[in-house]
Structures are given as structure tokens and as C-alpha cells.
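Just upload27.cif here, mmCIF, C-alpha atoms:
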data_query
#
loop_
_atom_site.label_atom_id
_atom_site.label_comp_id
_atom_site.auth_asym_id
_atom_site.auth_seq_id
_atom_site.Cartn_x
_atom_site.Cartn_y
_atom_site.Cartn_z
CA MET A 26 -40.73 -41.77 20.83
CA ALA A 27 -40.54 -40.99 17.13
CA ASN A 28 -42.04 -37.72 15.95
CA PHE A 29 -44.37 -38.03 12.97
CA THR A 30 -44.93 -35.19 10.57
CA VAL A 31 -47.45 -35.31 7.77
CA PRO A 32 -45.61 -36.08 4.53
CA THR A 33 -46.17 -33.80 1.57
CA ARG A 34 -46.91 -34.99 -1.96
CA GLU A 35 -43.27 -34.52 -2.89
CA GLN A 36 -42.14 -36.75 -0.01
CA VAL A 37 -44.14 -39.85 -0.97
CA SER A 38 -43.82 -42.54 -3.65
CA PRO A 39 -45.16 -41.94 -7.18
CA SER A 40 -48.00 -44.38 -6.42
CA SER A 41 -48.96 -42.38 -3.35
CA GLN A 42 -48.65 -39.12 -5.28
CA ALA A 43 -51.35 -40.41 -7.64
CA GLN A 44 -53.52 -41.25 -4.61
CA PHE A 45 -52.89 -37.77 -3.19
CA ASP A 46 -54.09 -36.29 -6.50
CA GLY A 47 -57.25 -38.40 -6.39
CA LEU A 48 -57.99 -37.40 -2.81
CA GLN A 49 -57.32 -33.75 -3.61
CA GLN A 50 -59.78 -33.94 -6.49
CA ALA A 51 -62.44 -35.86 -4.56
CA LEU A 52 -62.21 -34.14 -1.16
CA GLY A 53 -60.47 -30.86 -1.88
CA PHE A 54 -57.58 -31.86 0.41
CA VAL A 55 -55.56 -34.86 1.55
CA PRO A 56 -56.52 -35.69 5.14
CA ASN A 57 -53.46 -35.83 7.39
CA LEU A 58 -54.07 -39.42 8.45
CA TYR A 59 -54.31 -40.58 4.82
CA ALA A 60 -51.10 -38.72 4.05
CA THR A 61 -49.47 -40.50 7.00
CA ILE A 62 -50.38 -43.88 5.50
CA ALA A 63 -48.21 -42.85 2.54
CA TYR A 64 -45.08 -43.42 4.64
CA SER A 65 -45.62 -46.94 3.29
CA GLU A 66 -44.90 -47.03 -0.44
CA ASN A 67 -48.06 -49.02 -1.20
CA GLY A 68 -50.05 -48.44 1.98
CA LEU A 69 -52.34 -45.67 0.76
CA SER A 70 -53.45 -47.41 -2.43
CA LYS A 71 -53.96 -50.66 -0.49
CA TYR A 72 -55.98 -48.91 2.22
CA LEU A 73 -58.13 -46.91 -0.20
CA ALA A 74 -58.96 -50.07 -2.17
CA PHE A 75 -59.99 -51.82 1.06
CA GLN A 76 -62.00 -48.84 2.25
CA GLY A 77 -63.75 -48.45 -1.10
CA ALA A 78 -64.68 -52.13 -1.52
CA LYS A 79 -68.36 -53.01 -1.83
CA THR A 80 -70.15 -53.93 1.38
CA SER A 81 -73.64 -54.89 2.50
CA LEU A 82 -73.61 -51.99 4.98
CA SER A 83 -75.15 -48.65 4.06
CA ASN A 84 -73.11 -45.46 4.42
CA LYS A 85 -75.06 -44.64 7.59
CA GLU A 86 -74.35 -48.07 9.04
CA LYS A 87 -70.65 -47.75 8.20
CA GLU A 88 -70.51 -44.34 9.90
CA ALA A 89 -72.28 -45.73 12.97
CA VAL A 90 -69.64 -48.47 13.21
CA ASN A 91 -66.83 -45.96 12.61
CA LEU A 92 -68.10 -43.72 15.40
CA VAL A 93 -68.48 -46.38 18.08
CA VAL A 94 -65.20 -48.12 17.22
CA SER A 95 -63.32 -44.81 17.30
CA GLU A 96 -64.89 -43.99 20.66
CA VAL A 97 -63.88 -47.35 22.15
CA ASN A 98 -60.34 -46.88 20.84
CA GLY A 99 -60.11 -43.25 21.97
CA CYS A 100 -59.14 -41.90 18.54
CA ARG A 101 -59.84 -38.17 18.48
CA TYR A 102 -58.87 -37.89 14.80
CA CYS A 103 -61.35 -40.52 13.62
CA LEU A 104 -64.07 -39.27 15.98
CA SER A 105 -63.64 -35.83 14.45
CA ALA A 106 -63.64 -37.05 10.84
CA HIS A 107 -66.60 -39.38 11.34
CA THR A 108 -68.63 -36.82 13.26
CA LEU A 109 -68.44 -34.68 10.12
CA LEU A 110 -69.13 -37.66 7.84
CA GLY A 111 -71.96 -38.81 10.09
CA LYS A 112 -73.62 -35.41 9.71
CA MET A 113 -73.09 -35.59 5.95
CA ASN A 114 -74.90 -38.96 6.02
CA GLY A 115 -77.91 -37.60 7.89
CA PHE A 116 -77.15 -38.09 11.58
CA SER A 117 -77.86 -35.25 13.99
CA GLU A 118 -75.32 -34.18 16.61
CA GLU A 119 -77.40 -35.93 19.28
CA GLU A 120 -77.58 -39.15 17.26
CA ILE A 121 -73.81 -39.07 16.74
CA LEU A 122 -73.19 -38.78 20.48
CA THR A 123 -75.62 -41.64 21.14
CA LEU A 124 -73.92 -43.81 18.48
CA ARG A 125 -70.50 -43.09 19.99
CA SER A 126 -71.81 -44.44 23.30
CA GLY A 127 -72.87 -47.68 21.60
CA HIS A 128 -76.59 -47.00 21.41
CA ALA A 129 -79.21 -45.79 18.93
CA THR A 130 -82.92 -45.02 18.99
CA ASP A 131 -83.49 -47.16 15.88
CA ALA A 132 -83.59 -50.84 17.00
CA LYS A 133 -81.67 -52.21 14.00
CA LEU A 134 -78.95 -49.56 14.27
CA ALA A 135 -78.80 -50.14 18.05
CA ALA A 136 -78.08 -53.84 17.47
CA LEU A 137 -75.36 -52.92 14.96
CA VAL A 138 -73.53 -50.45 17.20
CA ALA A 139 -73.84 -52.72 20.23
CA LEU A 140 -72.17 -55.48 18.23
CA ALA A 141 -69.43 -53.19 16.88
CA LYS A 142 -68.75 -51.86 20.37
CA ASP A 143 -68.57 -55.37 21.86
CA VAL A 144 -66.37 -56.66 19.01
CA THR A 145 -63.94 -53.78 19.51
CA ALA A 146 -63.87 -53.78 23.29
CA HIS A 147 -63.45 -57.57 23.52
CA GLN A 148 -61.28 -58.28 20.45
CA GLY A 149 -64.02 -60.19 18.64
CA ARG A 150 -65.32 -62.14 21.61
CA VAL A 151 -68.86 -60.85 21.91
CA ALA A 152 -71.58 -61.73 24.38
CA PRO A 153 -73.97 -64.30 22.88
CA ALA A 154 -76.92 -62.00 23.61
CA THR A 155 -75.28 -59.22 21.58
CA LEU A 156 -74.82 -61.49 18.58
CA ASP A 157 -78.35 -62.88 18.95
CA ALA A 158 -79.76 -59.33 19.03
CA PHE A 159 -77.79 -58.47 15.87
CA PHE A 160 -79.32 -61.39 13.98
CA ALA A 161 -82.79 -60.77 15.50
CA ALA A 162 -82.62 -57.19 14.16
CA GLY A 163 -82.52 -58.57 10.62
CA TYR A 164 -78.82 -58.84 9.91
CA ASP A 165 -77.32 -62.02 8.47
CA LYS A 166 -73.93 -63.75 8.49
CA GLY A 167 -72.76 -61.77 5.46
CA ASN A 168 -73.56 -58.55 7.32
CA LEU A 169 -71.59 -59.88 10.30
CA VAL A 170 -68.53 -60.36 8.11
CA ASP A 171 -68.94 -56.86 6.70
CA VAL A 172 -69.20 -55.40 10.22
CA ILE A 173 -65.97 -57.16 11.20
CA LEU A 174 -64.26 -55.78 8.09
CA GLN A 175 -65.55 -52.28 8.87
CA VAL A 176 -64.30 -52.59 12.45
CA SER A 177 -60.89 -53.69 11.16
CA ASP A 178 -60.74 -50.69 8.81
CA LYS A 179 -61.40 -48.32 11.67
CA VAL A 180 -59.14 -50.08 14.17
CA ALA A 181 -56.24 -49.69 11.73
CA MET A 182 -56.85 -45.96 11.38
CA ASN A 183 -57.48 -45.52 15.12
CA TYR A 184 -54.22 -47.23 15.97
CA LEU A 185 -52.30 -45.28 13.33
CA HIS A 186 -53.48 -41.96 14.73
CA ASN A 187 -53.12 -42.98 18.36
CA LEU A 188 -49.51 -43.88 17.60
CA THR A 189 -48.54 -40.98 15.30
CA GLU A 190 -50.71 -38.22 16.79
CA VAL A 191 -50.65 -36.25 13.53
CA PRO A 192 -52.69 -33.03 13.67
CA ILE A 193 -56.47 -33.34 13.37
CA ASP A 194 -57.59 -31.50 10.24
CA PHE A 195 -61.36 -31.76 10.85
CA PRO A 196 -63.52 -29.86 13.34
CA VAL A 197 -62.51 -31.53 16.63
CA ALA A 198 -65.20 -33.72 18.18
CA ALA A 199 -65.91 -33.02 21.82
CA PRO A 200 -65.42 -35.83 24.36
CA LEU A 201 -68.54 -37.72 25.41
CA ALA A 202 -70.20 -36.53 28.57
CA ALA A 203 -69.69 -38.96 31.46
CA GLU A 204 -73.35 -40.00 31.44
CA LEU A 205 -73.11 -41.08 27.78
CA ALA A 206 -69.77 -42.90 27.96
#
Transcribe the structure of this file into C-alpha cells.
Amino acid sequence: MANFTVPTREQVSPSSQAQFDGLQQALGFVPNLYATIAYSENGLSKYLAFQGAKTSLSNKEKEAVNLVVSEVNGCRYCLSAHTLLGKMNGFSEEEILTLRSGHATDAKLAALVALAKDVTAHQGRVAPATLDAFFAAGYDKGNLVDVILQVSDKVAMNYLHNLTEVPIDFPVAAPLAAELA
């Protein structure tokens, strides 16, 4: 199997170098997985534009989706990054673990993570009751599209890390306890 190292700024295209500079300024560092996207000459700018596009989902809702999708896909990198981001968006450690398991104490958020979990685990073929609960919680068809787009964002990153196994440069998230998984 190919060995992936994290490319440095000097090893990527001029377009990606500009993206590295923006990430460095915004975050204080270039996350290893983002740097890995820069193996593709245009991949990082394309991904960042997709990730930064407007959505009907709040930051908390996006993080809830990111957490459950990353759990389903077994991506330790994204679980680690989104545990930190989840805390930055107001989730407690306990709430993060509950979200990762596909549940939430808030009914609307519970319907969202149940849908995202089902979408991910069954490649978009969700149980009718799950979709009905999502709509009953107050979400609409536009929100559904935005959830699918958020899932696709995270699936891409999950798969990239699961394949490349670049080092995790966030505090490493602990595995879920058996009773939560």
C-alpha cells in the first residue's frame, strides 16, 4: 500500500500554497488532512469552496452531522477534529458522545442525527420512519438536501483519512463505549 506523508507548502501547487496561507492565517496551522487534499492541484480550493458554501444548517447542526457520519465511517481523524469543533460550538463532552452514537436529548437534533446516521450507514436508503421523523421535527426538503451535502462533505474526508492514515493533529477522540455505539 502507498505511504502518504503530509505535503508541505513548498510541495504543493501555487493555488494550494495560497490556500495553505489562508488556513494558516485563519486557524494558526494547516490541518494534516487539508494538506493531504493538496496532492490534487485544485482539490483544496475546490473542497474549501464546497465546505464554506451557505447552508440552511446551523454550525451546531453541521457538527452533529459531522460527528455521527465520522463515527459510522470509523474516521478517527474527523472524530478528533469535530469533537474539538463541537465543543467550540457549545456541545459538552457528553453531548458529543451521544451525537456520535446517533442520538441527542433535543428532539429536533435527534431527528437530524438519526437521519444522518441512517443515510451514511445505508448509502442514502433511509427507513421511512426516519425520514418522517426528520420532517416532523420541523425540517423541510431544502434542509434534507443540505444534510445530504453535509454528509457527502464528511464522507469524502472520512474516506480520505481512512485511506491515507495521515497523522491526527487534534486531541485524539476516545472510542465510544460499547453501550453507546
(request) One decimal, Å: what's the distance from atom CA of Thr130 of chain A over to atom CA of Tyr102 of chain A, could you say? (result) 25.4 Å
Run the PyMOL selection byres ((chain A and resi 184) around 12) mentally over the shown coordinates, then write out the matched residues as a compact mmCIF listing (two decimals) with C-alpha atoms, in the frame of the given file, using the chain letters and numbers from the document.
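The file below, expr.txt, is the result:
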# COMPACT_ATOMS: atom_id res chain seq x y z
CA LEU A 58 -54.07 -39.42 8.45
CA ILE A 62 -50.38 -43.88 5.50
CA VAL A 94 -65.20 -48.12 17.22
CA SER A 95 -63.32 -44.81 17.30
CA VAL A 97 -63.88 -47.35 22.15
CA ASN A 98 -60.34 -46.88 20.84
CA GLY A 99 -60.11 -43.25 21.97
CA CYS A 100 -59.14 -41.90 18.54
CA ARG A 101 -59.84 -38.17 18.48
CA TYR A 102 -58.87 -37.89 14.80
CA CYS A 103 -61.35 -40.52 13.62
CA VAL A 176 -64.30 -52.59 12.45
CA SER A 177 -60.89 -53.69 11.16
CA ASP A 178 -60.74 -50.69 8.81
CA LYS A 179 -61.40 -48.32 11.67
CA VAL A 180 -59.14 -50.08 14.17
CA ALA A 181 -56.24 -49.69 11.73
CA MET A 182 -56.85 -45.96 11.38
CA ASN A 183 -57.48 -45.52 15.12
CA LEU A 185 -52.30 -45.28 13.33
CA HIS A 186 -53.48 -41.96 14.73
CA ASN A 187 -53.12 -42.98 18.36
CA LEU A 188 -49.51 -43.88 17.60
CA THR A 189 -48.54 -40.98 15.30
CA GLU A 190 -50.71 -38.22 16.79
CA VAL A 191 -50.65 -36.25 13.53
(request) Would you kindly translate the PyMOL selection byres ((chain A and resi 161) around 12) into the concrete residues it picks from this file, as a list of chain:residue names? (result)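 So the PyMOL selection byres ((chain A and resi 161) around 12) ends up selecting A:Ala132, A:Lys133, A:Leu134, A:Ala135, A:Ala136, A:Leu137, A:Ala154, A:Thr155, A:Leu156, A:Asp157, A:Ala158, A:Phe159, A:Phe160, A:Ala162, A:Gly163, A:Tyr164, A:Asp165, A:Lys166.
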(request) Kindly resolve the PyMOL selection byres ((chain A and resi 26-42) around 9) on the present coordinates and return the residues as number ranges by chain. (result) A: 43-47, 57-58, 60-61, 63-70, 189-192
(request) Work out how far apart atom CA of Val93 of chain A and atom CA of Val138 of chain A are and give it in Å to one decimal. (result)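 Separation of atom CA of Val93 of chain A and atom CA of Val138 of chain A: 6.5 Å.
Of the residues listed (A:Leu122, A:Asn91, A:Leu174, A:Lys112), A:Asn91 shows the shortest atom-to-atom separation from Lys142 of chain A; distances use all atoms listed in the file.
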(message) Please return as a list of chain:residue names every residue within 12 Å of (-64.2, -35.5, 24.4), taking into account only C-alpha atoms and the file's own coordinates.
(response) A:Ser95, A:Glu96, A:Gly99, A:Cys100, A:Arg101, A:Tyr102, A:Leu104, A:Ser105, A:Leu122, A:Arg125, A:Ser126, A:Val197, A:Ala198, A:Ala199, A:Pro200, A:Leu201, A:Ala202, A:Ala203, A:Leu205, A:Ala206
Could you please take those selected residues and save C-alpha atoms as a PDB file, keeping the file's coordinate frame?
ATOM      1  CA  SER A  95     -63.320 -44.810  17.300  1.00  0.00           C
ATOM      2  CA  GLU A  96     -64.890 -43.990  20.660  1.00  0.00           C
ATOM      3  CA  GLY A  99     -60.110 -43.250  21.970  1.00  0.00           C
ATOM      4  CA  CYS A 100     -59.140 -41.900  18.540  1.00  0.00           C
ATOM      5  CA  ARG A 101     -59.840 -38.170  18.480  1.00  0.00           C
ATOM      6  CA  TYR A 102     -58.870 -37.890  14.800  1.00  0.00           C
ATOM      7  CA  LEU A 104     -64.070 -39.270  15.980  1.00  0.00           C
ATOM      8  CA  SER A 105     -63.640 -35.830  14.450  1.00  0.00           C
ATOM      9  CA  LEU A 122     -73.190 -38.780  20.480  1.00  0.00           C
ATOM     10  CA  ARG A 125     -70.500 -43.090  19.990  1.00  0.00           C
ATOM     11  CA  SER A 126     -71.810 -44.440  23.300  1.00  0.00           C
ATOM     12  CA  VAL A 197     -62.510 -31.530  16.630  1.00  0.00           C
ATOM     13  CA  ALA A 198     -65.200 -33.720  18.180  1.00  0.00           C
ATOM     14  CA  ALA A 199     -65.910 -33.020  21.820  1.00  0.00           C
ATOM     15  CA  PRO A 200     -65.420 -35.830  24.360  1.00  0.00           C
ATOM     16  CA  LEU A 201     -68.540 -37.720  25.410  1.00  0.00           C
ATOM     17  CA  ALA A 202     -70.200 -36.530  28.570  1.00  0.00           C
ATOM     18  CA  ALA A 203     -69.690 -38.960  31.460  1.00  0.00           C
ATOM     19  CA  LEU A 205     -73.110 -41.080  27.780  1.00  0.00           C
ATOM     20  CA  ALA A 206     -69.770 -42.900  27.960  1.00  0.00           C
TER      21      ALA A 206
END
(message) Could you list, as JSON, numbers by chain, every residue within 8 Å of segment 113-119 of chain A, counting all atoms listed in the file and ignoring same-chain residues fewer than 3 positions away?
(response) {"A": [84, 85, 88, 108, 109, 110, 122, 123]}
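The coordinates place atom CA of Gly167 of chain A at 7.5 Å from atom CA of Ser81 of chain A.
Minimum atom-to-atom distances from A:Val172, A:Leu140, A:Ile193, A:Ala152 to Leu124 of chain A were compared using all atoms listed in the file, and the lowest value belongs to A:Leu140.
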Please return segment 153-175 of chain A, rebuilt to N, CA and C atoms, as a PDB file, in the frame of the given file.
ATOM      1  N   PRO A 153     -72.981 -63.622  23.733  1.00  0.00           N
ATOM      2  CA  PRO A 153     -73.970 -64.300  22.880  1.00  0.00           C
ATOM      3  C   PRO A 153     -75.246 -63.484  22.693  1.00  0.00           C
ATOM      4  N   ALA A 154     -75.695 -62.805  23.722  1.00  0.00           N
ATOM      5  CA  ALA A 154     -76.920 -62.000  23.610  1.00  0.00           C
ATOM      6  C   ALA A 154     -76.744 -60.857  22.609  1.00  0.00           C
ATOM      7  N   THR A 155     -75.550 -60.298  22.529  1.00  0.00           N
ATOM      8  CA  THR A 155     -75.280 -59.220  21.580  1.00  0.00           C
ATOM      9  C   THR A 155     -75.363 -59.741  20.152  1.00  0.00           C
ATOM     10  N   LEU A 156     -74.768 -60.890  19.915  1.00  0.00           N
ATOM     11  CA  LEU A 156     -74.820 -61.490  18.580  1.00  0.00           C
ATOM     12  C   LEU A 156     -76.246 -61.912  18.236  1.00  0.00           C
ATOM     13  N   ASP A 157     -76.958 -62.490  19.178  1.00  0.00           N
ATOM     14  CA  ASP A 157     -78.350 -62.880  18.950  1.00  0.00           C
ATOM     15  C   ASP A 157     -79.202 -61.660  18.599  1.00  0.00           C
ATOM     16  N   ALA A 158     -78.997 -60.560  19.300  1.00  0.00           N
ATOM     17  CA  ALA A 158     -79.760 -59.330  19.030  1.00  0.00           C
ATOM     18  C   ALA A 158     -79.446 -58.791  17.634  1.00  0.00           C
ATOM     19  N   PHE A 159     -78.193 -58.902  17.206  1.00  0.00           N
ATOM     20  CA  PHE A 159     -77.790 -58.470  15.870  1.00  0.00           C
ATOM     21  C   PHE A 159     -78.566 -59.253  14.805  1.00  0.00           C
ATOM     22  N   PHE A 160     -78.597 -60.567  14.945  1.00  0.00           N
ATOM     23  CA  PHE A 160     -79.320 -61.390  13.980  1.00  0.00           C
ATOM     24  C   PHE A 160     -80.831 -61.165  14.089  1.00  0.00           C
ATOM     25  N   ALA A 161     -81.352 -61.004  15.298  1.00  0.00           N
ATOM     26  CA  ALA A 161     -82.790 -60.770  15.500  1.00  0.00           C
ATOM     27  C   ALA A 161     -83.231 -59.444  14.878  1.00  0.00           C
ATOM     28  N   ALA A 162     -82.296 -58.499  14.746  1.00  0.00           N
ATOM     29  CA  ALA A 162     -82.620 -57.190  14.160  1.00  0.00           C
ATOM     30  C   ALA A 162     -82.717 -57.263  12.636  1.00  0.00           C
ATOM     31  N   GLY A 163     -82.389 -58.420  12.065  1.00  0.00           N
ATOM     32  CA  GLY A 163     -82.520 -58.570  10.620  1.00  0.00           C
ATOM     33  C   GLY A 163     -81.209 -58.680   9.861  1.00  0.00           C
ATOM     34  N   TYR A 164     -80.110 -58.667  10.564  1.00  0.00           N
ATOM     35  CA  TYR A 164     -78.820 -58.840   9.910  1.00  0.00           C
ATOM     36  C   TYR A 164     -78.548 -60.322   9.708  1.00  0.00           C
ATOM     37  N   ASP A 165     -77.676 -60.629   8.741  1.00  0.00           N
ATOM     38  CA  ASP A 165     -77.320 -62.020   8.470  1.00  0.00           C
ATOM     39  C   ASP A 165     -75.812 -62.222   8.617  1.00  0.00           C
ATOM     40  N   LYS A 166     -75.346 -63.424   8.318  1.00  0.00           N
ATOM     41  CA  LYS A 166     -73.930 -63.750   8.490  1.00  0.00           C
ATOM     42  C   LYS A 166     -73.040 -62.937   7.554  1.00  0.00           C
ATOM     43  N   GLY A 167     -73.525 -62.632   6.362  1.00  0.00           N
ATOM     44  CA  GLY A 167     -72.760 -61.770   5.460  1.00  0.00           C
ATOM     45  C   GLY A 167     -72.593 -60.376   6.048  1.00  0.00           C
ATOM     46  N   ASN A 168     -73.656 -59.848   6.648  1.00  0.00           N
ATOM     47  CA  ASN A 168     -73.560 -58.550   7.320  1.00  0.00           C
ATOM     48  C   ASN A 168     -72.563 -58.597   8.461  1.00  0.00           C
ATOM     49  N   LEU A 169     -72.537 -59.725   9.190  1.00  0.00           N
ATOM     50  CA  LEU A 169     -71.590 -59.880  10.300  1.00  0.00           C
ATOM     51  C   LEU A 169     -70.155 -59.768   9.788  1.00  0.00           C
ATOM     52  N   VAL A 170     -69.869 -60.445   8.693  1.00  0.00           N
ATOM     53  CA  VAL A 170     -68.530 -60.360   8.110  1.00  0.00           C
ATOM     54  C   VAL A 170     -68.215 -58.922   7.725  1.00  0.00           C
ATOM     55  N   ASP A 171     -69.176 -58.240   7.106  1.00  0.00           N
ATOM     56  CA  ASP A 171     -68.940 -56.860   6.700  1.00  0.00           C
ATOM     57  C   ASP A 171     -68.745 -55.936   7.896  1.00  0.00           C
ATOM     58  N   VAL A 172     -69.426 -56.194   9.005  1.00  0.00           N
ATOM     59  CA  VAL A 172     -69.200 -55.400  10.220  1.00  0.00           C
ATOM     60  C   VAL A 172     -67.775 -55.622  10.721  1.00  0.00           C
ATOM     61  N   ILE A 173     -67.332 -56.871  10.739  1.00  0.00           N
ATOM     62  CA  ILE A 173     -65.970 -57.160  11.200  1.00  0.00           C
ATOM     63  C   ILE A 173     -64.953 -56.457  10.306  1.00  0.00           C
ATOM     64  N   LEU A 174     -65.178 -56.469   9.006  1.00  0.00           N
ATOM     65  CA  LEU A 174     -64.260 -55.780   8.090  1.00  0.00           C
ATOM     66  C   LEU A 174     -64.282 -54.268   8.323  1.00  0.00           C
ATOM     67  N   GLN A 175     -65.459 -53.711   8.594  1.00  0.00           N
ATOM     68  CA  GLN A 175     -65.550 -52.280   8.870  1.00  0.00           C
ATOM     69  C   GLN A 175     -64.831 -51.945  10.179  1.00  0.00           C
TER      70      GLN A 175
END
